[in-house]
$ cat my_file14.cif   # mmCIF, C-alpha atoms
data_target
#
loop_
_atom_site.group_PDB
_atom_site.id
_atom_site.type_symbol
_atom_site.label_atom_id
_atom_site.label_comp_id
_atom_site.auth_asym_id
_atom_site.auth_seq_id
_atom_site.Cartn_x
_atom_site.Cartn_y
_atom_site.Cartn_z
ATOM 1 C CA MET A 1 7.925 9.807 -17.852
ATOM 2 C CA GLY A 2 6.140 11.680 -15.096
ATOM 3 C CA LYS A 3 7.104 11.998 -11.439
ATOM 4 C CA ILE A 4 5.276 11.089 -8.238
ATOM 5 C CA PHE A 5 6.061 13.591 -5.489
ATOM 6 C CA CYS A 6 5.582 11.986 -2.069
ATOM 7 C CA LEU A 7 4.834 14.495 0.691
ATOM 8 C CA MET A 8 5.832 13.129 4.100
ATOM 9 C CA GLY A 9 6.200 14.234 7.681
ATOM 10 C CA LYS A 10 5.207 13.485 11.239
ATOM 11 C CA SER A 11 1.606 13.990 12.309
ATOM 12 C CA ALA A 12 0.465 17.629 12.598
ATOM 13 C CA CYS A 13 3.486 18.974 10.704
ATOM 14 C CA GLY A 14 1.141 20.739 8.275
ATOM 15 C CA LYS A 15 1.469 18.394 5.315
ATOM 16 C CA ASP A 16 -2.291 18.184 4.696
ATOM 17 C CA THR A 17 -2.560 21.962 4.349
ATOM 18 C CA ILE A 18 0.544 22.137 2.152
ATOM 19 C CA TYR A 19 -0.782 19.257 0.052
ATOM 20 C CA LYS A 20 -4.004 21.153 -0.684
ATOM 21 C CA ARG A 21 -2.089 24.330 -1.524
ATOM 22 C CA LEU A 22 0.199 22.559 -3.979
ATOM 23 C CA LEU A 23 -2.694 20.776 -5.674
ATOM 24 C CA THR A 24 -4.573 24.049 -6.229
ATOM 25 C CA ASP A 25 -1.505 25.718 -7.776
ATOM 26 C CA THR A 26 -2.358 25.587 -11.481
ATOM 27 C CA SER A 27 1.241 26.341 -12.442
ATOM 28 C CA LEU A 28 2.250 22.922 -11.066
ATOM 29 C CA ALA A 29 -0.586 20.985 -12.756
ATOM 30 C CA LEU A 30 -0.234 18.087 -10.329
ATOM 31 C CA LYS A 31 -2.675 15.203 -10.284
ATOM 32 C CA THR A 32 -3.528 13.321 -7.120
ATOM 33 C CA LEU A 33 -3.490 9.672 -6.161
ATOM 34 C CA VAL A 34 -6.081 9.086 -3.460
ATOM 35 C CA PRO A 35 -4.922 6.424 -0.956
ATOM 36 C CA TYR A 36 -7.136 3.895 0.797
ATOM 37 C CA THR A 37 -7.752 3.122 4.467
ATOM 38 C CA THR A 38 -9.918 0.993 6.729
ATOM 39 C CA ARG A 39 -9.869 3.519 9.568
ATOM 40 C CA PRO A 40 -13.079 5.415 10.434
ATOM 41 C CA ILE A 41 -13.717 8.622 8.552
ATOM 42 C CA ARG A 42 -13.031 11.785 10.597
ATOM 43 C CA ASP A 43 -15.117 14.924 10.900
ATOM 44 C CA GLY A 44 -14.483 17.141 7.889
ATOM 45 C CA GLU A 45 -13.197 14.337 5.657
ATOM 46 C CA THR A 46 -14.889 13.223 2.435
ATOM 47 C CA ASP A 47 -14.731 9.745 0.966
ATOM 48 C CA GLY A 48 -12.637 9.861 -2.199
ATOM 49 C CA VAL A 49 -10.873 13.108 -1.260
ATOM 50 C CA GLU A 50 -8.488 12.483 1.637
ATOM 51 C CA TYR A 51 -8.897 8.706 1.372
ATOM 52 C CA TYR A 52 -11.159 6.017 0.015
ATOM 53 C CA PHE A 53 -12.641 4.510 3.162
ATOM 54 C CA LEU A 54 -13.077 0.758 2.737
ATOM 55 C CA THR A 55 -14.149 -2.143 4.920
ATOM 56 C CA GLU A 56 -11.949 -5.137 5.683
ATOM 57 C CA LYS A 57 -14.098 -7.186 3.314
ATOM 58 C CA GLU A 58 -13.540 -4.728 0.461
ATOM 59 C CA LEU A 59 -9.791 -4.751 1.165
ATOM 60 C CA ALA A 60 -9.745 -8.554 1.041
ATOM 61 C CA GLU A 61 -11.486 -8.447 -2.344
ATOM 62 C CA LEU A 62 -8.834 -6.094 -3.749
ATOM 63 C CA GLU A 63 -6.058 -8.324 -2.371
ATOM 64 C CA ALA A 64 -7.668 -11.356 -4.030
ATOM 65 C CA GLN A 65 -7.670 -9.429 -7.322
ATOM 66 C CA GLY A 66 -3.937 -8.637 -6.927
ATOM 67 C CA LYS A 67 -4.534 -4.871 -6.964
ATOM 68 C CA ILE A 68 -2.683 -3.876 -3.771
ATOM 69 C CA ILE A 69 0.625 -2.088 -4.448
ATOM 70 C CA GLU A 70 1.539 -1.570 -0.790
ATOM 71 C CA LEU A 71 -0.224 -2.141 2.531
ATOM 72 C CA ARG A 72 0.560 -0.984 6.079
ATOM 73 C CA SER A 73 -1.180 -2.035 9.297
ATOM 74 C CA TYR A 74 -1.145 0.014 12.505
ATOM 75 C CA HIS A 75 -2.206 -1.260 15.911
ATOM 76 C CA THR A 76 -4.100 1.694 17.366
ATOM 77 C CA ILE A 77 -6.027 2.211 20.585
ATOM 78 C CA HIS A 78 -9.199 1.529 18.590
ATOM 79 C CA GLY A 79 -8.023 -1.569 16.735
ATOM 80 C CA ILE A 80 -6.000 -2.283 13.600
ATOM 81 C CA TRP A 81 -6.180 0.441 10.957
ATOM 82 C CA LYS A 82 -4.839 -0.305 7.485
ATOM 83 C CA TYR A 83 -3.575 2.127 4.864
ATOM 84 C CA PHE A 84 -2.832 1.035 1.311
ATOM 85 C CA THR A 85 -2.253 2.010 -2.297
ATOM 86 C CA VAL A 86 -4.260 0.352 -5.035
ATOM 87 C CA ASN A 87 -3.459 -0.252 -8.682
ATOM 88 C CA ASP A 88 -6.749 1.259 -9.781
ATOM 89 C CA HIS A 89 -5.592 3.114 -12.884
ATOM 90 C CA GLN A 90 -5.466 6.530 -11.209
ATOM 91 C CA ILE A 91 -1.924 6.974 -12.530
ATOM 92 C CA ASN A 92 -0.856 7.780 -16.092
ATOM 93 C CA LEU A 93 2.840 8.609 -15.883
ATOM 94 C CA GLU A 94 3.078 9.066 -19.621
ATOM 95 C CA GLU A 95 1.116 12.292 -19.351
ATOM 96 C CA ASN A 96 1.034 13.559 -15.743
ATOM 97 C CA ASN A 97 2.972 14.336 -12.576
ATOM 98 C CA TYR A 98 1.404 13.399 -9.253
ATOM 99 C CA LEU A 99 1.381 14.529 -5.636
ATOM 100 C CA ILE A 100 0.613 12.091 -2.813
ATOM 101 C CA ILE A 101 0.826 12.036 0.968
ATOM 102 C CA GLY A 102 2.702 9.075 2.385
ATOM 103 C CA THR A 103 4.605 7.596 5.285
ATOM 104 C CA LEU A 104 8.241 6.605 5.184
ATOM 105 C CA GLU A 105 7.186 2.978 4.840
ATOM 106 C CA SER A 106 4.810 3.675 1.954
ATOM 107 C CA TYR A 107 7.440 5.848 0.246
ATOM 108 C CA ILE A 108 9.980 3.023 0.326
ATOM 109 C CA LYS A 109 7.470 0.478 -0.991
ATOM 110 C CA LEU A 110 6.259 2.792 -3.753
ATOM 111 C CA LYS A 111 9.853 3.623 -4.684
ATOM 112 C CA ASN A 112 10.575 -0.096 -5.004
ATOM 113 C CA TYR A 113 7.453 -0.504 -7.144
ATOM 114 C CA PHE A 114 7.830 2.496 -9.478
ATOM 115 C CA GLY A 115 11.583 3.177 -9.217
ATOM 116 C CA GLU A 116 13.583 5.882 -7.458
ATOM 117 C CA ASN A 117 13.648 8.037 -10.579
ATOM 118 C CA ILE A 118 9.852 8.291 -10.396
ATOM 119 C CA LEU A 119 9.286 8.680 -6.623
ATOM 120 C CA ILE A 120 10.492 12.051 -5.311
ATOM 121 C CA PRO A 121 10.469 12.552 -1.503
ATOM 122 C CA LEU A 122 9.314 15.895 -0.045
ATOM 123 C CA TYR A 123 9.859 15.717 3.706
ATOM 124 C CA ILE A 124 8.170 18.320 5.954
ATOM 125 C CA GLU A 125 9.720 19.087 9.337
ATOM 126 C CA LEU A 126 8.324 21.003 12.327
ATOM 127 C CA GLU A 127 9.492 21.427 15.916
ATOM 128 C CA SER A 128 8.026 18.690 18.143
ATOM 129 C CA GLY A 129 6.349 20.981 20.685
ATOM 130 C CA GLU A 130 4.570 22.902 17.947
ATOM 131 C CA ARG A 131 3.425 19.665 16.321
ATOM 132 C CA LEU A 132 2.039 18.334 19.595
ATOM 133 C CA GLN A 133 0.091 21.552 20.224
ATOM 134 C CA ARG A 134 -1.357 21.513 16.712
ATOM 135 C CA ALA A 135 -2.370 17.873 17.081
ATOM 136 C CA LEU A 136 -4.082 18.604 20.406
ATOM 137 C CA ASP A 137 -5.941 21.605 18.972
ATOM 138 C CA ARG A 138 -7.107 19.537 16.001
ATOM 139 C CA GLU A 139 -8.246 16.600 18.113
ATOM 140 C CA ARG A 140 -10.119 18.798 20.598
ATOM 141 C CA ILE A 141 -12.604 19.928 17.932
ATOM 142 C CA GLN A 142 -13.500 16.367 16.883
ATOM 143 C CA SER A 143 -16.954 15.160 17.949
ATOM 144 C CA GLU A 144 -15.257 12.285 19.798
ATOM 145 C CA PRO A 145 -11.652 13.254 20.588
ATOM 146 C CA LYS A 146 -9.217 10.317 20.689
ATOM 147 C CA TYR A 147 -6.424 11.668 22.881
ATOM 148 C CA ALA A 148 -4.875 8.275 23.630
ATOM 149 C CA GLU A 149 -4.511 7.592 19.912
ATOM 150 C CA LEU A 150 -3.032 11.076 19.437
ATOM 151 C CA CYS A 151 -0.307 10.265 21.972
ATOM 152 C CA ARG A 152 0.374 6.849 20.452
ATOM 153 C CA ARG A 153 0.712 8.334 16.983
ATOM 154 C CA PHE A 154 2.971 11.154 18.172
ATOM 155 C CA LEU A 155 5.395 8.739 19.817
ATOM 156 C CA ALA A 156 5.264 6.320 16.885
ATOM 157 C CA ASP A 157 6.157 9.127 14.469
ATOM 158 C CA GLU A 158 9.187 10.077 16.555
ATOM 159 C CA GLU A 159 10.498 6.546 16.011
ATOM 160 C CA ASP A 160 9.290 5.993 12.447
ATOM 161 C CA PHE A 161 10.761 9.265 11.158
ATOM 162 C CA SER A 162 14.022 9.062 13.093
ATOM 163 C CA GLU A 163 17.165 10.485 11.481
ATOM 164 C CA LYS A 164 18.472 6.948 11.080
ATOM 165 C CA ASN A 165 15.388 5.810 9.173
ATOM 166 C CA LEU A 166 15.294 8.908 6.994
ATOM 167 C CA PHE A 167 18.954 8.459 6.100
ATOM 168 C CA ALA A 168 18.415 4.781 5.291
ATOM 169 C CA ALA A 169 15.568 5.761 2.938
ATOM 170 C CA GLY A 170 17.831 8.238 1.150
ATOM 171 C CA ILE A 171 16.048 11.350 2.400
ATOM 172 C CA SER A 172 18.422 14.194 3.196
ATOM 173 C CA ARG A 173 16.532 17.367 2.247
ATOM 174 C CA PHE A 174 13.994 18.778 4.708
ATOM 175 C CA PHE A 175 11.430 21.556 4.199
ATOM 176 C CA ILE A 176 10.892 23.400 7.500
ATOM 177 C CA ASN A 177 7.265 24.452 8.051
ATOM 178 C CA ASP A 178 7.807 27.245 10.573
ATOM 179 C CA SER A 179 6.211 29.527 7.972
ATOM 180 C CA LEU A 180 3.461 27.978 5.849
ATOM 181 C CA ASP A 181 3.873 30.460 2.997
ATOM 182 C CA ARG A 182 7.650 30.139 2.827
ATOM 183 C CA CYS A 183 7.563 26.345 3.083
ATOM 184 C CA THR A 184 4.983 26.121 0.300
ATOM 185 C CA GLU A 185 7.056 28.446 -1.886
ATOM 186 C CA GLU A 186 10.181 26.330 -1.367
ATOM 187 C CA LEU A 187 8.301 23.162 -2.259
ATOM 188 C CA THR A 188 6.774 24.799 -5.332
ATOM 189 C CA HIS A 189 10.216 25.871 -6.530
ATOM 190 C CA CYS A 190 11.627 22.384 -5.927
ATOM 191 C CA ILE A 191 8.816 20.671 -7.857
ATOM 192 C CA LYS A 192 9.108 23.078 -10.793
ATOM 193 C CA GLU A 193 12.869 22.582 -10.894
ATOM 194 C CA ILE A 194 12.560 18.775 -11.000
ATOM 195 C CA VAL A 195 9.798 18.850 -13.619
ATOM 196 C CA SER A 196 11.776 21.257 -15.832
ATOM 197 C CA LEU A 197 14.848 19.005 -15.632
ATOM 198 C CA LYS A 198 12.689 16.059 -16.677
ATOM 199 C CA MET A 199 11.385 17.995 -19.693
ATOM 200 C CA GLU A 200 14.907 18.976 -20.782
ATOM 201 C CA LYS A 201 16.040 15.351 -21.011
#
$ encode --input "my_file14.cif" --output "structure tokens"
Amino acid sequence: MGKIFCLMGKSACGKDTIYKRLLTDTSLALKTLVPYTTRPIRDGETDGVEYYFLTEKELAELEAQGKIIELRSYHTIHGIWKYFTVNDHQINLEENNYLIIGTLESYIKLKNYFGENILIPLYIELESGERLQRALDRERIQSEPKYAELCRRFLADEEDFSEKNLFAAGISRFFINDSLDRCTEELTHCIKEIVSLKMEK
């Protein structure tokens, strides 16, 4: 049975960049599970790559079909944005291992759905001041910067990914992204180690 590696971390910790690096590493041979969202697409994003961008009506249709695995709603400055995982046959655990980006909430729900032996947490950590600066730099280059939403998300992440919540979710190992290359190497080694143990059983 394959594994689903769930990459997590507060906003602007570098998980998107690490995610792309790990996916392009042919030695890992990881497949991806593209999540869904109702939030507006951002500059530089492509539908079906970072997310599938759906309308509320399309979400309601999937819910009516019983295809939603987990769903989270966030009250943002610009309205309610929803993020969700769909049972759309992207996953074949008999043959593949997968890498996804998630929140602590989505990790817990997916772990309950697939089992803790399948869901493997990979938590990325970065010093708060550095994260805030990265988030500001990223938002500044958007065609319509949303600074208020940046601040809301930063503060929400501080609470959502508190030590108490991480401990309750069973997450105790952190990968520090003060060096992108070193952090990626540590994650690569961890994934290979877990996959090799699975193959030995």
$ resolve_selection --input "my_file14.cif" --expression "the PyMOL selection byres ((chain A and resi 98) around 9)" --output "PyMOL selection string"
chain A and resi 2-6+29-33+91+93+96-97+99-100
$ resolve_selection --input "my_file14.cif" --expression "the PyMOL selection byres ((chain A and resi 190) around 12)" --output "PyMOL selection string"
chain A and resi 5+22+28+120-123+173-175+183-189+191-197
$ write_last_selection --input "my_file14.cif" --atoms "C-alpha atoms" --output "compact mmCIF listing (two decimals), keeping the file's coordinate frame"
# COMPACT_ATOMS: atom_id res chain seq x y z
CA PHE A 5 6.06 13.59 -5.49
CA LEU A 22 0.20 22.56 -3.98
CA LEU A 28 2.25 22.92 -11.07
CA ILE A 120 10.49 12.05 -5.31
CA PRO A 121 10.47 12.55 -1.50
CA LEU A 122 9.31 15.90 -0.04
CA TYR A 123 9.86 15.72 3.71
CA ARG A 173 16.53 17.37 2.25
CA PHE A 174 13.99 18.78 4.71
CA PHE A 175 11.43 21.56 4.20
CA CYS A 183 7.56 26.34 3.08
CA THR A 184 4.98 26.12 0.30
CA GLU A 185 7.06 28.45 -1.89
CA GLU A 186 10.18 26.33 -1.37
CA LEU A 187 8.30 23.16 -2.26
CA THR A 188 6.77 24.80 -5.33
CA HIS A 189 10.22 25.87 -6.53
CA ILE A 191 8.82 20.67 -7.86
CA LYS A 192 9.11 23.08 -10.79
CA GLU A 193 12.87 22.58 -10.89
CA ILE A 194 12.56 18.77 -11.00
CA VAL A 195 9.80 18.85 -13.62
CA SER A 196 11.78 21.26 -15.83
CA LEU A 197 14.85 19.00 -15.63
$ residues_around --input "my_file14.cif" --residues "Arg42 (chain A)" --least-positions-apart "2" --cutoff "12 Å" --atoms "all atoms listed in the file" --output "number ranges by chain"
A: 37-40, 44-47, 50-51, 53, 138-139, 141-146
$ residues_around --input "my_file14.cif" --residues "Lys10 (chain A)" --least-positions-apart "3" --cutoff "8 Å" --atoms "all atoms listed in the file" --output "ChimeraX atom specification"
/A:13,124-125,154,157-158,161
$ write_last_selection --input "my_file14.cif" --atoms "C-alpha atoms" --output "short mmCIF file (atom, residue, chain, number, x, y, z; two decimals), in the frame of the given file"
data_model
loop_
_atom_site.label_atom_id
_atom_site.label_comp_id
_atom_site.auth_asym_id
_atom_site.auth_seq_id
_atom_site.Cartn_x
_atom_site.Cartn_y
_atom_site.Cartn_z
CA CYS A 13 3.49 18.97 10.70
CA ILE A 124 8.17 18.32 5.95
CA GLU A 125 9.72 19.09 9.34
CA PHE A 154 2.97 11.15 18.17
CA ASP A 157 6.16 9.13 14.47
CA GLU A 158 9.19 10.08 16.56
CA PHE A 161 10.76 9.26 11.16
#
$ residues_around --input "my_file14.cif" --residues "Arg152 (chain A)" --least-positions-apart "5" --cutoff "9 Å" --atoms "all atoms listed in the file" --output "PDB file with C-alpha atoms, keeping the file's coordinate frame"
ATOM      1  CA  THR A  76      -4.100   1.694  17.366  1.00  0.00           C
ATOM      2  CA  ILE A  77      -6.027   2.211  20.585  1.00  0.00           C
ATOM      3  CA  TYR A 147      -6.424  11.668  22.881  1.00  0.00           C
ATOM      4  CA  ASP A 157       6.157   9.127  14.469  1.00  0.00           C
TER       5      ASP A 157
END
$ atom_distance --input "my_file14.cif" --atom1 "CA of Gly102 (chain A)" --atom2 "CA of Asp160 (chain A)"
12.4 Å
$ atom_distance --input "my_file14.cif" --atom1 "CA of Tyr52 (chain A)" --atom2 "CA of Ala169 (chain A)"
26.9 Å
$ resolve_selection --input "my_file14.cif" --expression "the PyMOL selection byres ((chain A and resi 67) around 9)" --output "list in words"
Leu62, Glu63, Ala64, Gln65, Gly66, Ile68, Ile69, Thr85, Val86, Asn87 and Asp88 of chain A
$ axis_aligned_box --input "my_file14.cif" --around "region 29-36 of chain A" --padding-each-side "4 Å" --output "JSON"
{"center_x": -3.7, "center_y": 12.4, "center_z": -6.0, "size_x": 14.9, "size_y": 25.1, "size_z": 21.6}
$ atom_distance --input "my_file14.cif" --atom1 "CA of Ile101 (chain A)" --atom2 "CA of Tyr19 (chain A)"
7.5 Å
$ closest_residue --input "my_file14.cif" --among "A:Leu136, A:Ala12, A:Ile176, A:Leu54" --to "Ile41 (chain A)" --atoms "all atoms listed in the file"
A:Leu54
$ closest_residue --input "my_file14.cif" --among "A:His78, A:Phe114, A:Tyr107, A:Glu94" --to "Ala148 (chain A)" --atoms "all atoms listed in the file"
A:His78
